[in-house]
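Listing of input.txt; format and content: compact mmCIF, N, CA and C atoms.
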# COMPACT_ATOMS: atom_id res chain seq x y z
N VAL A 197 -115.15 50.55 -45.28
CA VAL A 197 -116.51 50.22 -44.87
C VAL A 197 -116.98 49.03 -45.69
N GLN A 198 -117.35 47.99 -45.02
CA GLN A 198 -117.62 46.72 -45.71
C GLN A 198 -118.90 46.08 -45.19
N PRO A 199 -119.94 46.02 -46.01
CA PRO A 199 -121.13 45.25 -45.61
C PRO A 199 -120.82 43.77 -45.65
N VAL A 200 -121.30 43.05 -44.66
CA VAL A 200 -121.14 41.60 -44.60
C VAL A 200 -122.53 40.99 -44.48
N GLU A 201 -122.95 40.28 -45.53
CA GLU A 201 -124.28 39.70 -45.58
C GLU A 201 -124.29 38.27 -45.04
N SER A 202 -125.43 37.89 -44.50
CA SER A 202 -125.59 36.52 -43.98
C SER A 202 -127.06 36.14 -44.00
N GLY A 203 -127.32 34.84 -43.83
CA GLY A 203 -128.69 34.39 -43.61
C GLY A 203 -129.41 33.82 -44.80
N GLY A 204 -128.77 33.73 -45.95
CA GLY A 204 -129.45 33.16 -47.11
C GLY A 204 -129.67 31.66 -46.94
N GLY A 205 -130.25 31.05 -47.95
CA GLY A 205 -130.48 29.61 -47.90
C GLY A 205 -131.40 29.18 -49.01
N SER A 206 -131.90 27.95 -48.87
CA SER A 206 -132.81 27.39 -49.86
C SER A 206 -134.15 27.09 -49.22
N VAL A 207 -135.23 27.50 -49.89
CA VAL A 207 -136.58 27.25 -49.38
C VAL A 207 -137.48 26.87 -50.54
N GLN A 208 -138.62 26.30 -50.18
CA GLN A 208 -139.67 26.01 -51.16
C GLN A 208 -140.47 27.28 -51.42
N GLU A 209 -141.10 27.32 -52.57
CA GLU A 209 -141.98 28.43 -52.91
C GLU A 209 -143.01 28.64 -51.79
N GLY A 210 -143.22 29.88 -51.42
CA GLY A 210 -144.14 30.20 -50.34
C GLY A 210 -143.47 30.31 -48.98
N GLY A 211 -142.23 29.91 -48.90
CA GLY A 211 -141.50 29.95 -47.63
C GLY A 211 -140.97 31.32 -47.31
N SER A 212 -140.24 31.38 -46.19
CA SER A 212 -139.70 32.64 -45.69
C SER A 212 -138.21 32.50 -45.38
N LEU A 213 -137.51 33.61 -45.52
CA LEU A 213 -136.11 33.70 -45.13
C LEU A 213 -135.85 35.12 -44.62
N ARG A 214 -134.85 35.25 -43.77
CA ARG A 214 -134.41 36.56 -43.31
C ARG A 214 -132.92 36.69 -43.59
N VAL A 215 -132.54 37.71 -44.31
CA VAL A 215 -131.13 37.98 -44.55
C VAL A 215 -130.73 39.22 -43.76
N SER A 216 -129.47 39.25 -43.34
CA SER A 216 -128.97 40.34 -42.51
C SER A 216 -127.65 40.86 -43.05
N CYS A 217 -127.33 42.07 -42.66
CA CYS A 217 -126.11 42.71 -43.10
C CYS A 217 -125.55 43.53 -41.94
N LYS A 218 -124.27 43.38 -41.68
CA LYS A 218 -123.60 44.25 -40.71
C LYS A 218 -122.58 45.08 -41.47
N VAL A 219 -122.62 46.37 -41.27
CA VAL A 219 -121.68 47.26 -41.95
C VAL A 219 -120.49 47.46 -41.03
N SER A 220 -119.42 46.75 -41.32
CA SER A 220 -118.24 46.84 -40.47
C SER A 220 -117.36 47.99 -40.93
N GLY A 221 -116.55 48.50 -40.02
CA GLY A 221 -115.61 49.56 -40.36
C GLY A 221 -116.21 50.94 -40.43
N ALA A 222 -117.49 51.08 -40.07
CA ALA A 222 -118.15 52.38 -40.13
C ALA A 222 -118.47 52.85 -38.72
N ILE A 223 -118.31 54.15 -38.48
CA ILE A 223 -118.78 54.68 -37.21
C ILE A 223 -120.29 54.88 -37.31
N THR A 224 -120.92 54.92 -36.16
CA THR A 224 -122.38 54.95 -36.14
C THR A 224 -122.95 56.14 -36.88
N SER A 225 -122.32 57.31 -36.74
CA SER A 225 -122.85 58.51 -37.40
C SER A 225 -122.79 58.38 -38.92
N PHE A 226 -121.75 57.71 -39.42
CA PHE A 226 -121.66 57.48 -40.86
C PHE A 226 -122.78 56.57 -41.33
N PHE A 227 -122.97 55.47 -40.61
CA PHE A 227 -124.05 54.54 -40.96
C PHE A 227 -125.40 55.26 -40.93
N ASN A 228 -125.62 56.05 -39.89
CA ASN A 228 -126.91 56.73 -39.74
C ASN A 228 -127.15 57.78 -40.81
N SER A 229 -126.10 58.22 -41.46
CA SER A 229 -126.26 59.23 -42.52
C SER A 229 -126.71 58.59 -43.84
N LYS A 230 -126.69 57.27 -43.89
CA LYS A 230 -126.96 56.55 -45.13
C LYS A 230 -128.39 56.02 -45.22
N ILE A 231 -128.97 56.20 -46.41
CA ILE A 231 -130.15 55.42 -46.74
C ILE A 231 -129.62 54.06 -47.17
N MET A 232 -130.00 53.02 -46.47
CA MET A 232 -129.48 51.68 -46.76
C MET A 232 -130.47 50.90 -47.62
N GLY A 233 -129.93 49.96 -48.35
CA GLY A 233 -130.79 49.19 -49.23
C GLY A 233 -130.34 47.76 -49.40
N TRP A 234 -131.26 46.95 -49.86
CA TRP A 234 -130.96 45.58 -50.27
C TRP A 234 -131.09 45.49 -51.78
N TYR A 235 -130.10 44.87 -52.37
CA TYR A 235 -130.07 44.64 -53.80
C TYR A 235 -130.07 43.13 -54.04
N ARG A 236 -130.40 42.74 -55.26
CA ARG A 236 -130.25 41.33 -55.63
C ARG A 236 -129.81 41.22 -57.07
N GLN A 237 -129.12 40.13 -57.35
CA GLN A 237 -128.67 39.87 -58.71
C GLN A 237 -128.91 38.41 -59.04
N ALA A 238 -129.80 38.19 -59.99
CA ALA A 238 -130.10 36.84 -60.46
C ALA A 238 -129.13 36.48 -61.58
N PRO A 239 -128.93 35.20 -61.84
CA PRO A 239 -128.00 34.80 -62.91
C PRO A 239 -128.39 35.41 -64.25
N GLY A 240 -127.40 36.02 -64.89
CA GLY A 240 -127.63 36.61 -66.21
C GLY A 240 -128.38 37.93 -66.21
N LYS A 241 -128.65 38.46 -65.02
CA LYS A 241 -129.40 39.72 -64.94
C LYS A 241 -128.57 40.78 -64.22
N GLN A 242 -128.98 42.03 -64.39
CA GLN A 242 -128.30 43.13 -63.70
C GLN A 242 -128.75 43.18 -62.24
N ARG A 243 -127.88 43.74 -61.42
CA ARG A 243 -128.22 43.92 -60.02
C ARG A 243 -129.36 44.93 -59.90
N GLU A 244 -130.35 44.64 -59.06
CA GLU A 244 -131.49 45.55 -58.89
C GLU A 244 -131.68 45.87 -57.41
N LEU A 245 -132.14 47.09 -57.17
CA LEU A 245 -132.43 47.55 -55.82
C LEU A 245 -133.86 47.14 -55.47
N VAL A 246 -134.03 46.40 -54.38
CA VAL A 246 -135.38 45.91 -54.06
C VAL A 246 -136.01 46.60 -52.85
N ALA A 247 -135.22 47.18 -51.98
CA ALA A 247 -135.79 47.84 -50.80
C ALA A 247 -134.79 48.85 -50.24
N THR A 248 -135.30 49.95 -49.72
CA THR A 248 -134.46 50.94 -49.05
C THR A 248 -135.08 51.36 -47.73
N ILE A 249 -134.23 51.88 -46.84
CA ILE A 249 -134.71 52.34 -45.53
C ILE A 249 -133.86 53.51 -45.07
N THR A 250 -134.51 54.56 -44.61
CA THR A 250 -133.81 55.73 -44.10
C THR A 250 -133.44 55.51 -42.63
N ARG A 251 -132.69 56.46 -42.08
CA ARG A 251 -132.29 56.40 -40.67
C ARG A 251 -133.51 56.30 -39.75
N LEU A 252 -134.58 56.97 -40.15
CA LEU A 252 -135.79 56.98 -39.33
C LEU A 252 -136.79 55.92 -39.75
N SER A 253 -136.31 54.96 -40.55
CA SER A 253 -137.09 53.76 -40.94
C SER A 253 -138.23 54.03 -41.91
N SER A 254 -138.10 55.06 -42.71
CA SER A 254 -139.01 55.22 -43.84
C SER A 254 -138.54 54.26 -44.94
N THR A 255 -139.47 53.48 -45.48
CA THR A 255 -139.07 52.41 -46.39
C THR A 255 -139.67 52.60 -47.78
N ASN A 256 -139.02 51.93 -48.73
CA ASN A 256 -139.50 51.92 -50.11
C ASN A 256 -139.17 50.56 -50.71
N TYR A 257 -140.05 50.06 -51.57
CA TYR A 257 -139.87 48.73 -52.12
C TYR A 257 -140.09 48.72 -53.63
N ALA A 258 -139.39 47.82 -54.30
CA ALA A 258 -139.67 47.56 -55.70
C ALA A 258 -141.04 46.90 -55.79
N ASP A 259 -141.73 47.14 -56.89
CA ASP A 259 -143.07 46.57 -57.05
C ASP A 259 -143.06 45.05 -56.94
N SER A 260 -141.97 44.44 -57.38
CA SER A 260 -141.90 42.97 -57.42
C SER A 260 -141.87 42.34 -56.03
N VAL A 261 -141.53 43.12 -54.99
CA VAL A 261 -141.44 42.55 -53.64
C VAL A 261 -142.39 43.22 -52.66
N LYS A 262 -143.08 44.25 -53.09
CA LYS A 262 -143.97 45.00 -52.20
C LYS A 262 -145.02 44.09 -51.61
N GLY A 263 -145.21 44.19 -50.30
CA GLY A 263 -146.19 43.37 -49.61
C GLY A 263 -145.66 42.02 -49.17
N ARG A 264 -144.47 41.65 -49.63
CA ARG A 264 -143.88 40.36 -49.26
C ARG A 264 -142.58 40.52 -48.47
N PHE A 265 -141.82 41.57 -48.77
CA PHE A 265 -140.52 41.80 -48.12
C PHE A 265 -140.65 42.97 -47.16
N THR A 266 -139.89 42.91 -46.05
CA THR A 266 -139.85 43.99 -45.09
C THR A 266 -138.39 44.28 -44.72
N ILE A 267 -137.98 45.53 -44.91
CA ILE A 267 -136.62 45.94 -44.56
C ILE A 267 -136.64 46.66 -43.22
N THR A 268 -135.68 46.35 -42.37
CA THR A 268 -135.54 47.03 -41.08
C THR A 268 -134.07 47.33 -40.84
N ARG A 269 -133.81 48.22 -39.90
CA ARG A 269 -132.42 48.54 -39.58
C ARG A 269 -132.25 48.72 -38.07
N ASP A 270 -131.04 48.44 -37.62
CA ASP A 270 -130.65 48.59 -36.22
C ASP A 270 -129.48 49.56 -36.23
N ASN A 271 -129.77 50.83 -35.97
CA ASN A 271 -128.75 51.86 -36.11
C ASN A 271 -127.61 51.69 -35.10
N ALA A 272 -127.93 51.29 -33.89
CA ALA A 272 -126.91 51.17 -32.86
C ALA A 272 -125.86 50.12 -33.22
N ASN A 273 -126.31 49.04 -33.87
CA ASN A 273 -125.40 47.96 -34.23
C ASN A 273 -125.02 47.94 -35.70
N LYS A 274 -125.46 48.96 -36.44
CA LYS A 274 -125.10 49.11 -37.85
C LYS A 274 -125.49 47.87 -38.66
N LYS A 275 -126.74 47.45 -38.47
CA LYS A 275 -127.24 46.28 -39.18
C LYS A 275 -128.48 46.62 -39.99
N VAL A 276 -128.67 45.89 -41.06
CA VAL A 276 -129.86 46.01 -41.90
C VAL A 276 -130.38 44.59 -42.14
N HIS A 277 -131.68 44.43 -42.06
CA HIS A 277 -132.29 43.12 -42.24
C HIS A 277 -133.33 43.17 -43.35
N LEU A 278 -133.56 42.01 -43.97
CA LEU A 278 -134.62 41.89 -44.97
C LEU A 278 -135.39 40.61 -44.68
N GLN A 279 -136.62 40.76 -44.23
CA GLN A 279 -137.51 39.63 -44.01
C GLN A 279 -138.26 39.37 -45.30
N MET A 280 -138.14 38.14 -45.81
CA MET A 280 -138.75 37.80 -47.10
C MET A 280 -139.78 36.69 -46.88
N ASN A 281 -141.03 37.01 -47.16
CA ASN A 281 -142.13 36.06 -47.02
C ASN A 281 -142.73 35.76 -48.38
N SER A 282 -143.52 34.69 -48.44
CA SER A 282 -144.19 34.30 -49.69
C SER A 282 -143.21 34.28 -50.85
N LEU A 283 -142.08 33.65 -50.63
CA LEU A 283 -141.02 33.66 -51.65
C LEU A 283 -141.43 32.92 -52.91
N LYS A 284 -140.94 33.42 -54.03
CA LYS A 284 -141.23 32.87 -55.35
C LYS A 284 -139.92 32.45 -56.01
N PRO A 285 -139.97 31.53 -56.96
CA PRO A 285 -138.75 31.13 -57.65
C PRO A 285 -138.01 32.32 -58.28
N GLU A 286 -138.75 33.32 -58.71
CA GLU A 286 -138.11 34.49 -59.32
C GLU A 286 -137.38 35.37 -58.30
N ASP A 287 -137.50 35.07 -57.03
CA ASP A 287 -136.72 35.77 -56.00
C ASP A 287 -135.32 35.18 -55.85
N THR A 288 -135.07 34.07 -56.53
CA THR A 288 -133.75 33.44 -56.47
C THR A 288 -132.68 34.39 -56.99
N ALA A 289 -131.69 34.66 -56.16
CA ALA A 289 -130.63 35.63 -56.51
C ALA A 289 -129.60 35.65 -55.39
N VAL A 290 -128.51 36.34 -55.65
CA VAL A 290 -127.58 36.70 -54.58
C VAL A 290 -128.02 38.06 -54.06
N TYR A 291 -128.18 38.17 -52.76
CA TYR A 291 -128.66 39.39 -52.13
C TYR A 291 -127.50 40.14 -51.47
N TYR A 292 -127.46 41.45 -51.72
CA TYR A 292 -126.40 42.32 -51.21
C TYR A 292 -127.02 43.51 -50.48
N CYS A 293 -126.29 44.03 -49.47
CA CYS A 293 -126.71 45.31 -48.92
C CYS A 293 -125.67 46.36 -49.25
N ASN A 294 -126.12 47.58 -49.36
CA ASN A 294 -125.27 48.72 -49.68
C ASN A 294 -126.10 49.97 -49.41
N ASP A 295 -125.53 51.13 -49.61
CA ASP A 295 -126.39 52.32 -49.50
C ASP A 295 -127.23 52.44 -50.76
N ASP A 296 -128.13 53.39 -50.81
CA ASP A 296 -129.08 53.46 -51.92
C ASP A 296 -128.44 53.88 -53.23
N LYS A 297 -127.18 54.32 -53.18
CA LYS A 297 -126.46 54.68 -54.41
C LYS A 297 -125.42 53.63 -54.76
N GLY A 298 -125.27 52.61 -53.96
CA GLY A 298 -124.27 51.58 -54.22
C GLY A 298 -122.86 52.09 -54.08
N GLU A 299 -122.64 53.02 -53.15
CA GLU A 299 -121.34 53.68 -53.05
C GLU A 299 -120.40 53.05 -52.03
N LEU A 300 -120.90 52.12 -51.23
CA LEU A 300 -120.01 51.41 -50.31
C LEU A 300 -119.33 50.27 -51.06
N SER A 301 -118.34 49.65 -50.43
CA SER A 301 -117.76 48.44 -51.02
C SER A 301 -118.83 47.36 -51.09
N TRP A 302 -118.77 46.53 -52.10
CA TRP A 302 -119.72 45.43 -52.21
C TRP A 302 -119.20 44.21 -51.45
N GLY A 303 -120.08 43.61 -50.68
CA GLY A 303 -119.73 42.40 -49.97
C GLY A 303 -119.87 41.18 -50.86
N GLN A 304 -119.75 40.01 -50.25
CA GLN A 304 -119.86 38.76 -51.00
C GLN A 304 -121.31 38.41 -51.34
N GLY A 305 -122.22 39.00 -50.60
CA GLY A 305 -123.62 38.67 -50.81
C GLY A 305 -123.99 37.36 -50.15
N THR A 306 -125.29 37.06 -50.18
CA THR A 306 -125.77 35.80 -49.62
C THR A 306 -126.79 35.21 -50.59
N GLN A 307 -126.63 33.93 -50.89
CA GLN A 307 -127.46 33.28 -51.89
C GLN A 307 -128.82 32.91 -51.32
N VAL A 308 -129.86 33.26 -52.07
CA VAL A 308 -131.23 32.85 -51.75
C VAL A 308 -131.75 32.04 -52.93
N THR A 309 -132.18 30.82 -52.66
CA THR A 309 -132.69 29.95 -53.71
C THR A 309 -134.09 29.49 -53.33
N VAL A 310 -135.04 29.73 -54.25
CA VAL A 310 -136.44 29.35 -54.02
C VAL A 310 -136.84 28.34 -55.08
N SER A 311 -137.23 27.18 -54.64
CA SER A 311 -137.60 26.14 -55.59
C SER A 311 -139.12 25.96 -55.64
N SER A 312 -139.61 25.58 -56.81
CA SER A 312 -141.06 25.42 -57.00
C SER A 312 -141.50 24.00 -56.70
Rendering of file as structure tokens:
Amino acid sequence: VQPVESGGGSVQEGGSLRVSCKVSGAITSFFNSKIMGWYRQAPGKQRELVATITRLSSTNYADSVKGRFTITRDNANKKVHLQMNSLKPEDTAVYYCNDDKGELSWGQGTQVTVSS
């Protein structure tokens, strides 16, 4: 089971980006059993969990992104998305998706860079 992230890029402060993840190699029932999440890792820092979403789309966010980021999921296609608005330079990181325990294989991630 391998998450594959896409959609990162470079934006100015205040801009928006949407990153996506497709969980390949998983059957739908396995994906639906997972609380999925988006993590990020900035240079020199530990990986942190920034948002989670249950099968029924109940969400939770880290305080640092609450009100700016929105996580969604497409159960039929085994995808998870993260819409990021009002981006700040401190949001610069490599973004990864995984389950809420980090128990799936880690993908390559997608780079998000926010310049001031």
Using all atoms listed in the file, which residues sit within 8 Å of Ser216 of chain A once same-chain residues fewer than 6 positions away are excluded, as an MDAnalysis selection string?
chainID A and resid 199:204 275:279 292:293
From a backbone DSSP assignment, name each residue in segment 198-304 of chain A labelled helix (DSSP H, G or I), as a list in words.
Thr224, Ser225, Phe226, Phe227, Asn228, Pro285, Glu286 and Asp287 of chain A
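Proximity to Tyr257 of chain A was assessed for A:Leu300, A:Ala222, A:Arg214, A:Gly233 counting only C-alpha atoms; the smallest distance is recorded for A:Gly233.
Every protein, DNA or RNA residue with an atom at most 8 Å from Leu283 of chain A, where only N, CA and C atoms count and chain neighbours fewer than 4 positions away do not, is listed here: Val207, Gln208, Glu209, Gly210, Gly211, Ser212, Leu213, Arg264, Asp287, Thr288, Val310 and Ser311 of chain A.
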Could you please take those selected residues and save N, CA and C atoms as an mmCIF file, in the coordinates of the input?
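Result saved to again.cif:
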data_model
loop_
_atom_site.group_PDB
_atom_site.id
_atom_site.type_symbol
_atom_site.label_atom_id
_atom_site.label_comp_id
_atom_site.auth_asym_id
_atom_site.auth_seq_id
_atom_site.Cartn_x
_atom_site.Cartn_y
_atom_site.Cartn_z
ATOM 1 N N VAL A 207 -135.230 27.500 -49.890
ATOM 2 C CA VAL A 207 -136.580 27.250 -49.380
ATOM 3 C C VAL A 207 -137.480 26.870 -50.540
ATOM 4 N N GLN A 208 -138.620 26.300 -50.180
ATOM 5 C CA GLN A 208 -139.670 26.010 -51.160
ATOM 6 C C GLN A 208 -140.470 27.280 -51.420
ATOM 7 N N GLU A 209 -141.100 27.320 -52.570
ATOM 8 C CA GLU A 209 -141.980 28.430 -52.910
ATOM 9 C C GLU A 209 -143.010 28.640 -51.790
ATOM 10 N N GLY A 210 -143.220 29.880 -51.420
ATOM 11 C CA GLY A 210 -144.140 30.200 -50.340
ATOM 12 C C GLY A 210 -143.470 30.310 -48.980
ATOM 13 N N GLY A 211 -142.230 29.910 -48.900
ATOM 14 C CA GLY A 211 -141.500 29.950 -47.630
ATOM 15 C C GLY A 211 -140.970 31.320 -47.310
ATOM 16 N N SER A 212 -140.240 31.380 -46.190
ATOM 17 C CA SER A 212 -139.700 32.640 -45.690
ATOM 18 C C SER A 212 -138.210 32.500 -45.380
ATOM 19 N N LEU A 213 -137.510 33.610 -45.520
ATOM 20 C CA LEU A 213 -136.110 33.700 -45.130
ATOM 21 C C LEU A 213 -135.850 35.120 -44.620
ATOM 22 N N ARG A 264 -144.470 41.650 -49.630
ATOM 23 C CA ARG A 264 -143.880 40.360 -49.260
ATOM 24 C C ARG A 264 -142.580 40.520 -48.470
ATOM 25 N N ASP A 287 -137.500 35.070 -57.030
ATOM 26 C CA ASP A 287 -136.720 35.770 -56.000
ATOM 27 C C ASP A 287 -135.320 35.180 -55.850
ATOM 28 N N THR A 288 -135.070 34.070 -56.530
ATOM 29 C CA THR A 288 -133.750 33.440 -56.470
ATOM 30 C C THR A 288 -132.680 34.390 -56.990
ATOM 31 N N VAL A 310 -135.040 29.730 -54.250
ATOM 32 C CA VAL A 310 -136.440 29.350 -54.020
ATOM 33 C C VAL A 310 -136.840 28.340 -55.080
ATOM 34 N N SER A 311 -137.230 27.180 -54.640
ATOM 35 C CA SER A 311 -137.600 26.140 -55.590
ATOM 36 C C SER A 311 -139.120 25.960 -55.640
#
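The space separating atom CA of Ser253 of chain A from atom CA of Pro285 of chain A comes to 28.2 Å.
Closest to Lys297 of chain A among A:Met232, A:Thr268, A:Thr224, A:Lys241 is A:Met232, based on all atoms listed in the file.
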Centre and edges of the segment 208-211 of chain A box, axis-aligned, 8 Å extra per side, as JSON:
{"center_x": -141.4, "center_y": 28.7, "center_z": -50.1, "size_x": 21.5, "size_y": 21.3, "size_z": 21.6}
Nearest residue to Ile223 of chain A out of A:Tyr235, A:Lys284, A:Glu299, A:Val197, using only N, CA and C atoms?
A:Val197
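Across the structure, atom C of Ser254 of chain A and atom C of Pro239 of chain A are spaced 28.8 Å apart.
Going from atom N of Asn281 of chain A over to atom CA of Arg243 of chain A, you cover 19.4 Å.
For Arg251 of chain A, the residues within 10 Å (counting only C-alpha atoms, excluding itself and residues fewer than 6 positions away along the chain) are Phe227, Asn228, Ser229, Lys230, Ile231, Met232, Thr268, Arg269, Asp270 and Asn271 of chain A.
When only N, CA and C atoms are used to compute distances to Phe265 of chain A, the closest of the residues A:Asp296, A:Ser282, A:Thr309, A:Gln237 turns out to be A:Ser282.
Compared by their closest atoms to Gln198 of chain A, and using only N, CA and C atoms, the residues A:Gln307, A:Gly221, A:Thr248, A:Val215 rank with A:Gly221 nearest.
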